[in-house]
Every structure is written in structure tokens, then in C-alpha cells.
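Structure data follow from upload37.txt (compact mmCIF, C-alpha atoms):
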# COMPACT_ATOMS: atom_id res chain seq x y z
CA MET H 23 120.65 108.39 98.87
CA THR H 24 117.72 109.56 101.00
CA LYS H 25 115.24 107.23 102.66
CA ALA H 26 112.46 108.31 100.30
CA VAL H 27 114.58 107.49 97.25
CA GLU H 28 115.40 104.09 98.73
CA LEU H 29 111.72 103.42 99.32
CA LEU H 30 110.76 104.43 95.80
CA SER H 31 113.58 102.39 94.31
CA GLU H 32 112.41 99.30 96.20
CA LEU H 33 108.88 99.84 94.98
CA GLY H 34 110.27 100.31 91.47
CA LEU H 35 112.11 96.99 91.77
CA ALA H 36 108.81 95.30 92.61
CA PHE H 37 107.34 96.60 89.35
CA LEU H 38 110.53 95.86 87.40
CA PHE H 39 110.49 92.22 88.41
CA GLN H 40 106.74 92.10 87.71
CA LEU H 41 105.76 91.45 91.29
CA ASP H 42 102.14 92.05 92.05
CA VAL H 43 101.11 95.51 93.19
CA VAL H 44 99.88 94.12 96.51
CA LEU H 45 103.22 92.43 97.11
CA GLY H 46 105.05 95.61 96.07
CA ALA H 47 102.95 97.70 98.45
CA PHE H 48 103.57 95.22 101.24
CA ALA H 49 107.30 95.33 100.54
CA ALA H 50 107.22 99.15 100.54
CA GLY H 51 105.51 99.15 103.94
CA PHE H 52 107.95 96.61 105.31
CA ILE H 53 110.90 98.67 104.08
CA LEU H 54 109.36 101.86 105.43
CA ARG H 55 109.07 100.26 108.87
CA PHE H 56 112.69 99.05 108.58
CA VAL H 57 113.91 102.53 107.61
CA THR H 58 111.93 104.23 110.39
CA PRO H 59 111.60 101.59 113.14
CA ASN H 60 109.98 104.01 115.60
CA GLY H 61 107.73 105.48 112.94
CA ASN H 62 107.71 108.91 111.40
CA HIS H 63 105.33 111.14 113.35
CA THR H 64 104.45 113.24 110.31
CA LEU H 65 104.37 110.52 107.66
CA ASN H 66 102.50 107.77 109.55
CA PRO H 67 99.23 109.72 110.09
CA LYS H 68 99.23 110.73 106.44
CA LEU H 69 99.76 107.14 105.27
CA GLU H 70 97.09 105.88 107.64
CA GLY H 71 94.66 108.54 106.44
CA VAL H 72 95.18 107.64 102.78
CA GLY H 73 95.24 103.92 103.50
CA TYR H 74 92.25 103.63 105.80
CA GLY H 75 90.29 106.47 104.26
CA PHE H 76 90.70 105.64 100.60
CA LEU H 77 92.83 102.67 99.54
CA ILE H 78 91.45 100.00 101.85
CA PRO H 79 87.79 100.86 101.10
CA VAL H 80 88.56 100.80 97.36
CA PHE H 81 90.33 97.46 97.81
CA PHE H 82 87.27 95.93 99.46
CA VAL H 83 84.83 97.44 96.97
CA VAL H 84 86.82 95.95 94.10
CA SER H 85 87.10 92.65 95.98
CA GLY H 86 83.37 92.49 96.65
CA ALA H 87 82.60 93.38 93.05
CA SER H 88 84.69 90.45 91.86
CA ILE H 89 82.59 87.86 93.73
CA ASP H 90 80.41 85.73 91.50
CA VAL H 91 77.38 85.46 93.80
CA LYS H 92 75.70 82.85 91.60
CA ALA H 93 78.75 80.59 91.93
CA VAL H 94 78.75 80.95 95.71
CA VAL H 95 75.01 80.28 96.02
CA ALA H 96 75.25 77.33 93.62
CA ASN H 97 77.72 75.52 95.89
CA PRO H 98 77.00 76.30 99.57
CA ALA H 99 78.82 73.12 100.68
CA LEU H 100 82.07 74.53 99.30
CA LEU H 101 81.49 77.79 101.18
CA ILE H 102 80.92 75.91 104.44
CA THR H 103 83.95 73.71 103.76
CA PHE H 104 86.14 76.79 103.27
CA ILE H 105 84.87 78.32 106.52
CA ILE H 106 85.61 75.10 108.41
CA MET H 107 89.05 74.92 106.81
CA LEU H 108 89.75 78.51 107.90
CA LEU H 109 88.83 77.51 111.45
CA LEU H 110 91.16 74.51 111.26
CA VAL H 111 94.03 76.43 109.70
CA HIS H 112 93.75 79.60 111.79
CA ALA H 113 91.91 78.98 115.06
CA VAL H 114 93.26 75.55 116.01
CA PRO H 115 96.98 76.44 115.72
CA ILE H 116 96.45 79.68 117.65
CA PHE H 117 94.54 77.88 120.39
CA VAL H 118 97.25 75.20 120.62
CA ALA H 119 100.05 77.80 120.66
CA THR H 120 98.41 79.79 123.44
CA THR H 121 97.81 76.59 125.38
CA LEU H 122 101.36 75.24 125.13
CA ASP H 123 103.22 78.23 126.53
CA HIS H 124 101.76 79.28 129.88
CA ARG H 125 104.65 81.62 130.77
CA VAL H 126 104.22 83.92 127.81
CA ASN H 127 100.44 83.83 127.51
CA PRO H 128 98.57 83.06 130.75
CA LEU H 129 95.08 83.32 129.24
CA ASP H 130 92.06 81.49 130.55
CA PRO H 131 90.74 78.73 128.23
CA GLN H 132 87.71 80.84 127.25
CA ASP H 133 89.99 83.76 126.39
CA LYS H 134 92.18 81.47 124.29
CA LEU H 135 89.13 80.28 122.40
CA THR H 136 87.91 83.85 121.91
CA VAL H 137 91.30 85.01 120.62
CA SER H 138 91.47 82.00 118.30
CA LEU H 139 88.07 82.79 116.82
CA TYR H 140 88.94 86.45 116.32
CA CYS H 141 92.16 85.45 114.55
CA THR H 142 90.22 83.31 112.06
CA THR H 143 89.22 86.37 110.02
CA ALA H 144 91.41 86.39 106.93
CA LEU H 145 89.67 88.38 104.21
CA PRO H 146 92.55 90.62 103.05
CA LEU H 147 94.94 87.70 102.67
CA ILE H 148 92.34 85.60 100.87
CA VAL H 149 91.52 88.43 98.48
CA ALA H 150 95.18 89.03 97.67
CA VAL H 151 96.01 85.36 97.14
CA THR H 152 92.91 84.53 95.10
CA SER H 153 93.42 87.61 92.92
CA LEU H 154 96.93 86.46 92.12
CA ALA H 155 95.80 82.90 91.51
CA VAL H 156 92.99 83.93 89.13
CA GLN H 157 95.29 86.31 87.25
CA GLY H 158 97.91 83.58 87.01
CA GLY H 159 95.37 81.09 85.68
CA THR H 160 95.84 78.64 88.56
CA MET H 161 92.40 79.15 90.10
CA HIS H 162 88.98 79.44 88.54
CA GLN H 163 86.98 82.58 89.31
CA THR H 164 84.11 80.57 90.85
CA THR H 165 86.45 78.98 93.39
CA ALA H 166 88.04 82.35 94.13
CA SER H 167 84.58 83.88 94.60
CA THR H 168 83.65 81.20 97.10
CA LEU H 169 86.91 81.63 98.99
CA VAL H 170 86.49 85.40 99.17
CA ALA H 171 82.87 84.96 100.28
CA ALA H 172 84.05 82.55 103.01
CA GLY H 173 86.59 85.15 104.12
CA ALA H 174 83.86 87.79 104.20
CA VAL H 175 81.65 85.51 106.28
CA THR H 176 84.50 84.98 108.77
CA VAL H 177 84.89 88.74 109.18
CA PHE H 178 81.28 88.90 110.34
CA LEU H 179 80.84 85.51 111.98
CA MET H 180 84.05 84.90 113.93
CA PRO H 181 84.00 88.06 116.08
CA LEU H 182 80.34 87.35 116.78
CA LEU H 183 81.13 83.77 117.79
CA GLY H 184 84.13 84.91 119.80
CA GLY H 185 82.04 87.37 121.77
CA LEU H 186 79.22 84.89 122.33
CA THR H 187 81.63 82.14 123.33
CA SER H 188 83.36 84.44 125.80
CA LYS H 189 80.07 85.45 127.38
CA LEU H 190 78.75 81.89 127.52
CA MET H 191 81.94 80.46 129.02
CA LYS H 192 82.07 83.22 131.63
CA GLY H 193 78.48 82.40 132.60
CA GLU H 194 76.87 85.63 131.44
CA THR H 195 73.19 85.06 130.87
CA ARG H 196 72.51 88.29 128.97
CA LEU H 197 73.92 87.79 125.46
CA ILE H 198 72.34 90.85 123.91
CA ALA H 199 72.89 94.37 125.16
CA PRO H 200 69.85 95.91 126.82
CA THR H 201 67.83 98.29 124.71
CA ALA H 202 66.95 101.79 125.83
Here is a file; write its structure as C-alpha cells.
Amino acid sequence: MTKAVELLSELGLAFLFQLDVVLGAFAAGFILRFVTPNGNHTLNPKLEGVGYGFLIPVFFVVSGASIDVKAVVANPALLITFIIMLLLVHAVPIFVATTLDHRVNPLDPQDKLTVSLYCTTALPLIVAVTSLAVQGGTMHQTTASTLVAAGAVTVFLMPLLGGLTSKLMKGETRLIAPTA
């Protein structure tokens, strides 16, 4: 059996056992990396082109279209709570992990904080999980909308905060790039 047939059969198993398409695609990518650990120099650019050029933008358009903006605006405290929870769940463990092991990761404290803030962005995972939860009937669409909106805010806000924090902690006084 060729590698391509194995890959397609694994993807077929995902559909056969009624696994979600996102999970099936993830499994296919994982298997592809296992089959070709060093990558395939002709296949990888093609997959990246299709993925980054078409599938990922469609994924985010569909995700953004599923947000109930009225539900998010109606409960801003929930949005803020979700953002704070993302910080606690993502940034704090990463900061602690980078602090505990000095041999592997000799970063300065400001760099650890910056990395932790950058790692707080979690939109793709939130979209995938909330989509499954809404489809499965275990989460209401308004809650999912607020979670996805919080994830979208982190994609914008956390890199901005990470950059500002890095500049402030390093003592840079100019926070905004000079204009021409």
C-alpha cells in the first residue's frame, strides 16, 4: 500500500467513525508528518499554498460569520472574563514553565512575559472546540460567540501587549514607530 493510500484510508476512517472534519484533517496532517518526517519537498508547498491561500481564510470567514455580535455586546463582562481566563490558562503556565527551567530556556524575564503573551492567542482552537460543542448541543451559540470573539480579541491584543511590554521592560521610550 502506498503512502497516499494510507493517508486517504486514515482520513476515510475519520469520516467512518463520524469524527469531525477538523479532527480528521488534523489526523491526516499528523499522519502525513509521520509518513514523511522530513517533509516532502514537492507536496509541502502545495499543501501550504492550498491551506494558507484558501482553506484557512475560508475557515476564518465562516468562523467570523458564526459570531452573534448582539450576544457578545450584550454581555461584555463574559467577554472580559474569557480573555482573563485565556491569560490564566495560556500565559501563566508558559511563564512558569520558562521560569522553572533555566538550562533549556535562558530567557530574560521580559522575554518570558512577551513569549507568554504571544502564546495566549488561541483562536483556531477555540473555533474548533466551540463549533463541536454547539453542534453537539453542549454549548449555546451565544456562549460560543463570546468565546470566539474573546479568541479574536486575543489575536489582536496579545501580540500588541507583548510588544509593548517588551519595549517598556527594556526601557525603550519610543513605543510607536516614527512616521515618515
Rounded to one decimal place, report the atom CA of Ser153 of chain H-atom CA of Phe76 of chain H distance in Å.
-> 19.8 Å
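Minimum atom-to-atom distances from H:Leu139, H:Leu69, H:Met161, H:Leu186 to Ile106 of chain H were compared using all atoms listed in the file, and the lowest value belongs to H:Leu139.
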Using only C-alpha atoms, give me every residue within 10 Å of (87.8, 83.5, 111.4) in file coordinates, as a PyMOL selection string.
-> chain H and resi 105-113+137-145+172-184
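Relative to atom CA of Pro146 of chain H, atom CA of Gly75 of chain H is found at 16.1 Å.
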Coordinates-based distance that separates atom CA of Val151 of chain H from atom CA of Gly71 of chain H (Å, one decimal) = 25.0 Å
Using only C-alpha atoms, which of H:Leu135, H:Leu129, H:Leu101, H:Leu190 sits nearest Phe117 of chain H?
-> H:Leu135
Of the candidates H:Leu77, H:Val118, H:Ile102, H:Lys134, which one gets nearest to Gly185 of chain H if we count all atoms listed in the file?
-> H:Lys134
H:Val83, H:Gly159, H:Thr136, H:Asp130 ranked by distance to Val114 of chain H, top pick (using all atoms listed in the file) =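 Between H:Val83, H:Gly159, H:Thr136, H:Asp130, the residue approaching Val114 of chain H most closely is H:Thr136.
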So which one's closest to Val156 of chain H, H:Thr121, H:Gln132, H:Ser88, H:Asn97? Using only C-alpha atoms, please.
->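 Counting only C-alpha atoms, the residue closest to Val156 of chain H is H:Ser88.
The shortest atom-to-atom distance to Ala150 of chain H, with all atoms listed in the file taken into account, belongs to H:Ser85 out of H:Ser167, H:Asn66, H:Ser85, H:Thr187.
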Exercise: residues within 10 Å of coordinate (83.2, 80.3, 93.9), counting all atoms listed in the file, as an NGL selection string | :H and (89-98 or 100-101 or 162-172)
